[in-house]
>>> print(open('model.cif').read())   # mmCIF, C-alpha atoms
data_structure
loop_
_atom_site.label_atom_id
_atom_site.label_comp_id
_atom_site.auth_asym_id
_atom_site.auth_seq_id
_atom_site.Cartn_x
_atom_site.Cartn_y
_atom_site.Cartn_z
CA MET A 1 0.00 0.00 0.00
CA SER A 2 1.35 3.39 -0.91
CA THR A 3 2.00 6.14 1.61
CA ILE A 4 -0.71 8.26 -0.03
CA ASP A 5 -3.34 5.49 0.39
CA SER A 6 -2.35 5.02 4.03
CA PHE A 7 -2.60 8.76 4.64
CA ARG A 8 -6.05 8.89 2.95
CA ARG A 9 -7.36 6.09 5.15
CA LYS A 10 -6.13 7.77 8.33
CA LEU A 11 -7.63 11.07 7.19
CA LEU A 12 -10.99 9.43 6.44
CA LEU A 13 -11.03 7.67 9.82
CA CYS A 14 -10.24 10.86 11.72
CA GLY A 15 -12.79 12.82 9.70
CA SER A 16 -15.49 10.22 10.37
CA ALA A 17 -14.76 10.23 14.09
CA ALA A 18 -14.90 14.03 14.22
CA ALA A 19 -18.17 14.10 12.27
CA GLY A 20 -19.70 11.54 14.63
CA LEU A 21 -18.70 13.57 17.67
CA ALA A 22 -20.05 16.75 16.08
CA LEU A 23 -23.45 15.09 15.67
CA LEU A 24 -23.81 14.58 19.43
CA PRO A 25 -25.75 17.31 21.24
CA ALA A 26 -23.55 19.77 23.13
CA SER A 27 -24.77 18.49 26.51
CA ALA A 28 -23.84 14.90 25.62
CA ARG A 29 -20.41 15.96 24.35
CA ALA A 30 -19.81 17.87 27.58
CA SER A 31 -20.72 14.83 29.66
CA LEU A 32 -18.12 12.75 27.82
CA SER A 33 -15.45 14.95 29.33
CA THR A 34 -13.75 13.45 32.37
CA SER A 35 -12.97 16.83 33.91
CA ARG A 36 -16.20 17.27 35.85
CA PRO A 37 -17.90 15.31 38.61
CA ARG A 38 -20.72 12.90 37.81
CA VAL A 39 -23.65 12.97 40.19
CA LEU A 40 -26.69 10.70 40.22
CA MET A 41 -29.97 11.00 42.10
CA LEU A 42 -31.88 7.73 42.36
CA ASN A 43 -34.98 6.26 43.94
CA ASN A 44 -35.34 2.50 44.37
CA LEU A 45 -39.03 1.81 43.80
CA HIS A 46 -38.95 -1.55 45.60
CA THR A 47 -37.03 -0.61 48.75
CA GLY A 48 -38.10 3.03 49.06
CA GLU A 49 -34.45 4.09 49.35
CA THR A 50 -33.11 7.29 47.81
CA LEU A 51 -29.51 8.03 46.96
CA LYS A 52 -27.59 11.06 45.78
CA THR A 53 -24.01 10.24 44.91
CA GLU A 54 -20.98 11.77 43.23
CA PHE A 55 -19.56 8.50 41.91
CA PHE A 56 -16.91 10.12 39.71
CA ASN A 57 -14.97 13.13 41.00
CA GLY A 58 -13.77 14.43 37.64
CA LYS A 59 -10.62 12.31 37.60
CA SER A 60 -11.52 8.88 38.95
CA TYR A 61 -14.31 6.74 40.32
CA ASP A 62 -14.94 7.04 44.05
CA LYS A 63 -14.74 3.48 45.46
CA ASP A 64 -16.88 4.30 48.49
CA GLU A 65 -19.62 5.79 46.32
CA LEU A 66 -19.45 2.81 43.92
CA SER A 67 -19.98 0.57 46.97
CA ARG A 68 -23.04 2.62 47.95
CA LEU A 69 -24.37 2.29 44.38
CA ASN A 70 -23.70 -1.47 44.40
CA HIS A 71 -25.77 -1.79 47.57
CA PHE A 72 -28.52 0.42 46.13
CA PHE A 73 -28.66 -1.74 42.96
CA ARG A 74 -28.67 -5.00 44.99
CA ASP A 75 -31.08 -7.88 44.47
CA TYR A 76 -33.52 -6.83 47.18
CA ARG A 77 -35.39 -10.16 46.98
CA ALA A 78 -32.30 -12.20 47.90
CA ASN A 79 -30.48 -9.31 49.64
CA LYS A 80 -27.38 -9.97 47.50
CA VAL A 81 -24.95 -7.31 46.36
CA LYS A 82 -22.75 -7.49 43.27
CA SER A 83 -20.29 -5.02 41.79
CA ILE A 84 -22.13 -3.07 39.12
CA ASP A 85 -20.26 -2.08 35.97
CA PRO A 86 -19.37 1.62 36.51
CA HIS A 87 -20.04 2.23 32.81
CA LEU A 88 -23.73 1.64 33.56
CA PHE A 89 -23.62 4.63 35.91
CA ASP A 90 -21.82 6.62 33.20
CA GLN A 91 -24.60 5.71 30.77
CA ILE A 92 -27.37 6.87 33.04
CA PHE A 93 -25.44 10.06 33.86
CA ARG A 94 -25.01 10.79 30.13
CA LEU A 95 -28.66 10.00 29.54
CA GLN A 96 -29.70 12.55 32.16
CA ALA A 97 -27.39 15.14 30.58
CA LEU A 98 -28.78 14.42 27.12
CA LEU A 99 -32.34 14.82 28.37
CA GLY A 100 -31.37 17.94 30.34
CA MET A 101 -32.98 16.43 33.43
CA ARG A 102 -32.05 16.62 37.08
CA LYS A 103 -34.97 14.52 38.29
CA PRO A 104 -34.19 11.30 40.14
CA ILE A 105 -33.92 8.06 38.21
CA GLN A 106 -36.63 5.63 39.32
CA LEU A 107 -34.81 2.28 39.57
CA ILE A 108 -37.04 -0.73 39.05
CA SER A 109 -34.41 -3.45 38.70
CA GLY A 110 -30.63 -3.50 38.97
CA TYR A 111 -28.66 -6.61 39.89
CA ARG A 112 -30.55 -9.91 39.98
CA SER A 113 -29.10 -13.13 41.40
CA LEU A 114 -29.45 -16.23 39.23
CA ALA A 115 -32.12 -17.55 41.61
CA THR A 116 -34.17 -14.35 41.34
CA ASN A 117 -33.72 -14.22 37.58
CA ASN A 118 -34.88 -17.85 37.24
CA MET A 119 -37.88 -17.19 39.49
CA LEU A 120 -38.88 -14.20 37.34
CA ARG A 121 -38.40 -16.26 34.17
CA GLU A 122 -40.78 -18.90 35.50
CA SER A 123 -43.42 -16.36 36.49
CA GLY A 124 -43.75 -14.75 33.07
CA PRO A 125 -42.22 -13.94 29.68
CA GLY A 126 -39.67 -11.26 28.92
CA VAL A 127 -36.85 -12.27 31.27
CA ALA A 128 -33.70 -13.44 29.49
CA LYS A 129 -32.01 -16.63 30.66
CA HIS A 130 -28.57 -15.00 30.44
CA SER A 131 -29.70 -11.54 31.54
CA TYR A 132 -27.18 -8.73 31.88
CA HIS A 133 -28.90 -8.02 35.22
CA THR A 134 -27.22 -11.17 36.61
CA LYS A 135 -23.83 -9.79 35.55
CA GLY A 136 -24.32 -6.39 37.19
CA GLN A 137 -24.49 -4.73 33.79
CA ALA A 138 -28.16 -3.73 33.43
CA MET A 139 -30.93 -1.66 34.89
CA ASP A 140 -34.65 -1.10 34.30
CA PHE A 141 -35.89 2.39 35.10
CA HIS A 142 -37.99 5.39 34.20
CA ILE A 143 -37.69 9.10 34.91
CA GLU A 144 -40.74 10.70 36.41
CA GLY A 145 -42.13 13.49 34.22
CA VAL A 146 -40.20 12.35 31.12
CA SER A 147 -42.00 10.41 28.42
CA LEU A 148 -40.77 6.84 28.17
CA ALA A 149 -40.48 7.24 24.39
CA ASN A 150 -38.09 10.18 24.89
CA VAL A 151 -36.00 8.20 27.39
CA ARG A 152 -35.78 5.33 24.86
CA LYS A 153 -34.86 7.69 22.01
CA ALA A 154 -32.11 9.32 24.09
CA ALA A 155 -30.76 5.93 25.23
CA LEU A 156 -30.61 4.70 21.63
CA SER A 157 -28.72 7.84 20.57
CA LEU A 158 -25.95 7.07 23.09
CA ARG A 159 -25.14 3.80 21.26
CA ALA A 160 -23.60 2.52 24.49
CA GLY A 161 -25.17 -0.94 24.89
CA GLY A 162 -28.54 -2.63 24.85
CA VAL A 163 -31.80 -0.68 25.02
CA GLY A 164 -35.13 -2.36 25.71
CA TYR A 165 -38.46 -0.55 25.55
CA TYR A 166 -41.33 -1.75 27.75
CA PRO A 167 -44.13 0.85 27.54
CA ARG A 168 -46.78 -1.48 29.04
CA SER A 169 -44.60 -1.99 32.12
CA ASN A 170 -43.45 1.67 32.13
CA PHE A 171 -39.70 1.18 31.95
CA VAL A 172 -36.65 1.31 29.72
CA HIS A 173 -33.85 -1.24 30.04
CA ILE A 174 -30.22 -0.26 29.42
CA ASP A 175 -27.13 -2.40 29.71
CA THR A 176 -23.41 -2.32 28.96
CA GLY A 177 -23.51 -5.29 26.59
CA PRO A 178 -23.30 -5.11 22.79
CA ILE A 179 -25.24 -2.36 20.99
CA ARG A 180 -28.72 -3.67 20.19
CA HIS A 181 -32.35 -2.79 20.84
CA TRP A 182 -35.77 -4.36 21.15
#
>>> encode(input="model.cif", output="structure tokens")
Amino acid sequence: MSTIDSFRRKLLLCGSAAAGLALLPASARASLSTSRPRVLMLNNLHTGETLKTEFFNGKSYDKDELSRLNHFFRDYRANKVKSIDPHLFDQIFRLQALLGMRKPIQLISGYRSLATNNMLRESGPGVAKHSYHTKGQAMDFHIEGVSLANVRKAALSLRAGGVGYYPRSNFVHIDTGPIRHW
């Protein structure tokens, strides 16, 4: 391959990346920056708990706050805690920024033990056998006062993992797995 062809390919790749970044809304681009703290406000609809946490201080994740989030996202049925993928918290933070919302996230489901996941699978359809919830990589939620369709649209625009839309059950699912939607 000639030097000119190699240069063209690099130029095209850089140009494509820049164009993709330019298409993101300004608020989403700003939230991609690591220079500012990331704060979440959450309500757990099953336990009644609320949590406000600065899980990222602008330079690194705060281990104590990640532990608090892990407990908040626990399988409340089995009272089991698992480390949640911090990128899931990044996703929900970016989603809030994209929507321009500061309202609490209403958590419906975070981590699920295998036993809980199997019990839910037996009680009805729609629960995956190898759910990302069992890996600590998924959450089901809604944001009060924000249309579920808008939450779904914003989540899809992030292209950061899986997005499930459950309007009859009033929640959106996001995960840190491969990019896909249903």
>>> residues_around(input="model.cif", residues="Ile92 in chain A", least_positions_apart="5", cutoff="9 Å", atoms="all atoms listed in the file", output="list of chain:residue names")
A:Leu40, A:His87, A:Ala97, A:Ile105, A:Ala155, A:Ile174
>>> closest_residue(input="model.cif", among="A:Ala78, A:Val163, A:Ala115, A:Ala154", to="Gln96 in chain A", atoms="all atoms listed in the file")
A:Ala154
>>> residues_around(input="model.cif", residues="Tyr111 in chain A", least_positions_apart="4", cutoff="6 Å", atoms="only C-alpha atoms", output="ChimeraX atom specification")
/A:73-75,133-134,136
>>> residues_around(input="model.cif", residues="Asn70 in chain A", least_positions_apart="4", cutoff="7 Å", atoms="all atoms listed in the file", output="list of chain:residue names")
A:Leu66, A:Arg74, A:Val81, A:Lys82, A:Ser83, A:Ile84
>>> residues_around(input="model.cif", residues="Gly110 in chain A", least_positions_apart="2", cutoff="12 Å", atoms="all atoms listed in the file", output="CSV table (one decimal) with C-alpha atoms, in the frame of the given file")
chain,number,residue,atom,x,y,z
A,42,LEU,CA,-31.9,7.7,42.4
A,43,ASN,CA,-35.0,6.3,43.9
A,44,ASN,CA,-35.3,2.5,44.4
A,45,LEU,CA,-39.0,1.8,43.8
A,46,HIS,CA,-39.0,-1.6,45.6
A,69,LEU,CA,-24.4,2.3,44.4
A,70,ASN,CA,-23.7,-1.5,44.4
A,71,HIS,CA,-25.8,-1.8,47.6
A,72,PHE,CA,-28.5,0.4,46.1
A,73,PHE,CA,-28.7,-1.7,43.0
A,74,ARG,CA,-28.7,-5.0,45.0
A,75,ASP,CA,-31.1,-7.9,44.5
A,76,TYR,CA,-33.5,-6.8,47.2
A,77,ARG,CA,-35.4,-10.2,47.0
A,80,LYS,CA,-27.4,-10.0,47.5
A,81,VAL,CA,-25.0,-7.3,46.4
A,82,LYS,CA,-22.8,-7.5,43.3
A,83,SER,CA,-20.3,-5.0,41.8
A,84,ILE,CA,-22.1,-3.1,39.1
A,85,ASP,CA,-20.3,-2.1,36.0
A,88,LEU,CA,-23.7,1.6,33.6
A,89,PHE,CA,-23.6,4.6,35.9
A,106,GLN,CA,-36.6,5.6,39.3
A,107,LEU,CA,-34.8,2.3,39.6
A,108,ILE,CA,-37.0,-0.7,39.0
A,112,ARG,CA,-30.6,-9.9,40.0
A,113,SER,CA,-29.1,-13.1,41.4
A,116,THR,CA,-34.2,-14.4,41.3
A,117,ASN,CA,-33.7,-14.2,37.6
A,131,SER,CA,-29.7,-11.5,31.5
A,132,TYR,CA,-27.2,-8.7,31.9
A,133,HIS,CA,-28.9,-8.0,35.2
A,134,THR,CA,-27.2,-11.2,36.6
A,135,LYS,CA,-23.8,-9.8,35.6
A,136,GLY,CA,-24.3,-6.4,37.2
A,137,GLN,CA,-24.5,-4.7,33.8
A,138,ALA,CA,-28.2,-3.7,33.4
A,139,MET,CA,-30.9,-1.7,34.9
A,140,ASP,CA,-34.6,-1.1,34.3
A,141,PHE,CA,-35.9,2.4,35.1
A,173,HIS,CA,-33.8,-1.2,30.0
A,174,ILE,CA,-30.2,-0.3,29.4
A,175,ASP,CA,-27.1,-2.4,29.7
>>> resolve_selection(input="model.cif", expression="the PyMOL selection byres ((chain A and resi 153) around 12)", output="number ranges by chain")
A: 95, 98-99, 146-152, 154-159, 163-165, 172, 174, 181
>>> atom_distance(input="model.cif", atom1="CA of Tyr166 in chain A", atom2="CA of Gly126 in chain A")
9.7 Å
>>> atom_distance(input="model.cif", atom1="CA of His130 in chain A", atom2="CA of Leu114 in chain A")
8.9 Å
>>> atom_distance(input="model.cif", atom1="CA of Lys59 in chain A", atom2="CA of Met101 in chain A")
23.1 Å
>>> resolve_selection(input="model.cif", expression="the PyMOL selection byres ((chain A and resi 65) around 10)", output="compact mmCIF listing (two decimals) with C-alpha atoms, in the coordinates of the input")
# COMPACT_ATOMS: atom_id res chain seq x y z
CA LYS A 52 -27.59 11.06 45.78
CA THR A 53 -24.01 10.24 44.91
CA GLU A 54 -20.98 11.77 43.23
CA PHE A 55 -19.56 8.50 41.91
CA PHE A 56 -16.91 10.12 39.71
CA TYR A 61 -14.31 6.74 40.32
CA ASP A 62 -14.94 7.04 44.05
CA LYS A 63 -14.74 3.48 45.46
CA ASP A 64 -16.88 4.30 48.49
CA LEU A 66 -19.45 2.81 43.92
CA SER A 67 -19.98 0.57 46.97
CA ARG A 68 -23.04 2.62 47.95
CA LEU A 69 -24.37 2.29 44.38
CA ASN A 70 -23.70 -1.47 44.40
CA HIS A 71 -25.77 -1.79 47.57
>>> closest_residue(input="model.cif", among="A:His142, A:Ala128, A:Val39, A:Gly48", to="Arg94 in chain A", atoms="only C-alpha atoms")
A:Val39
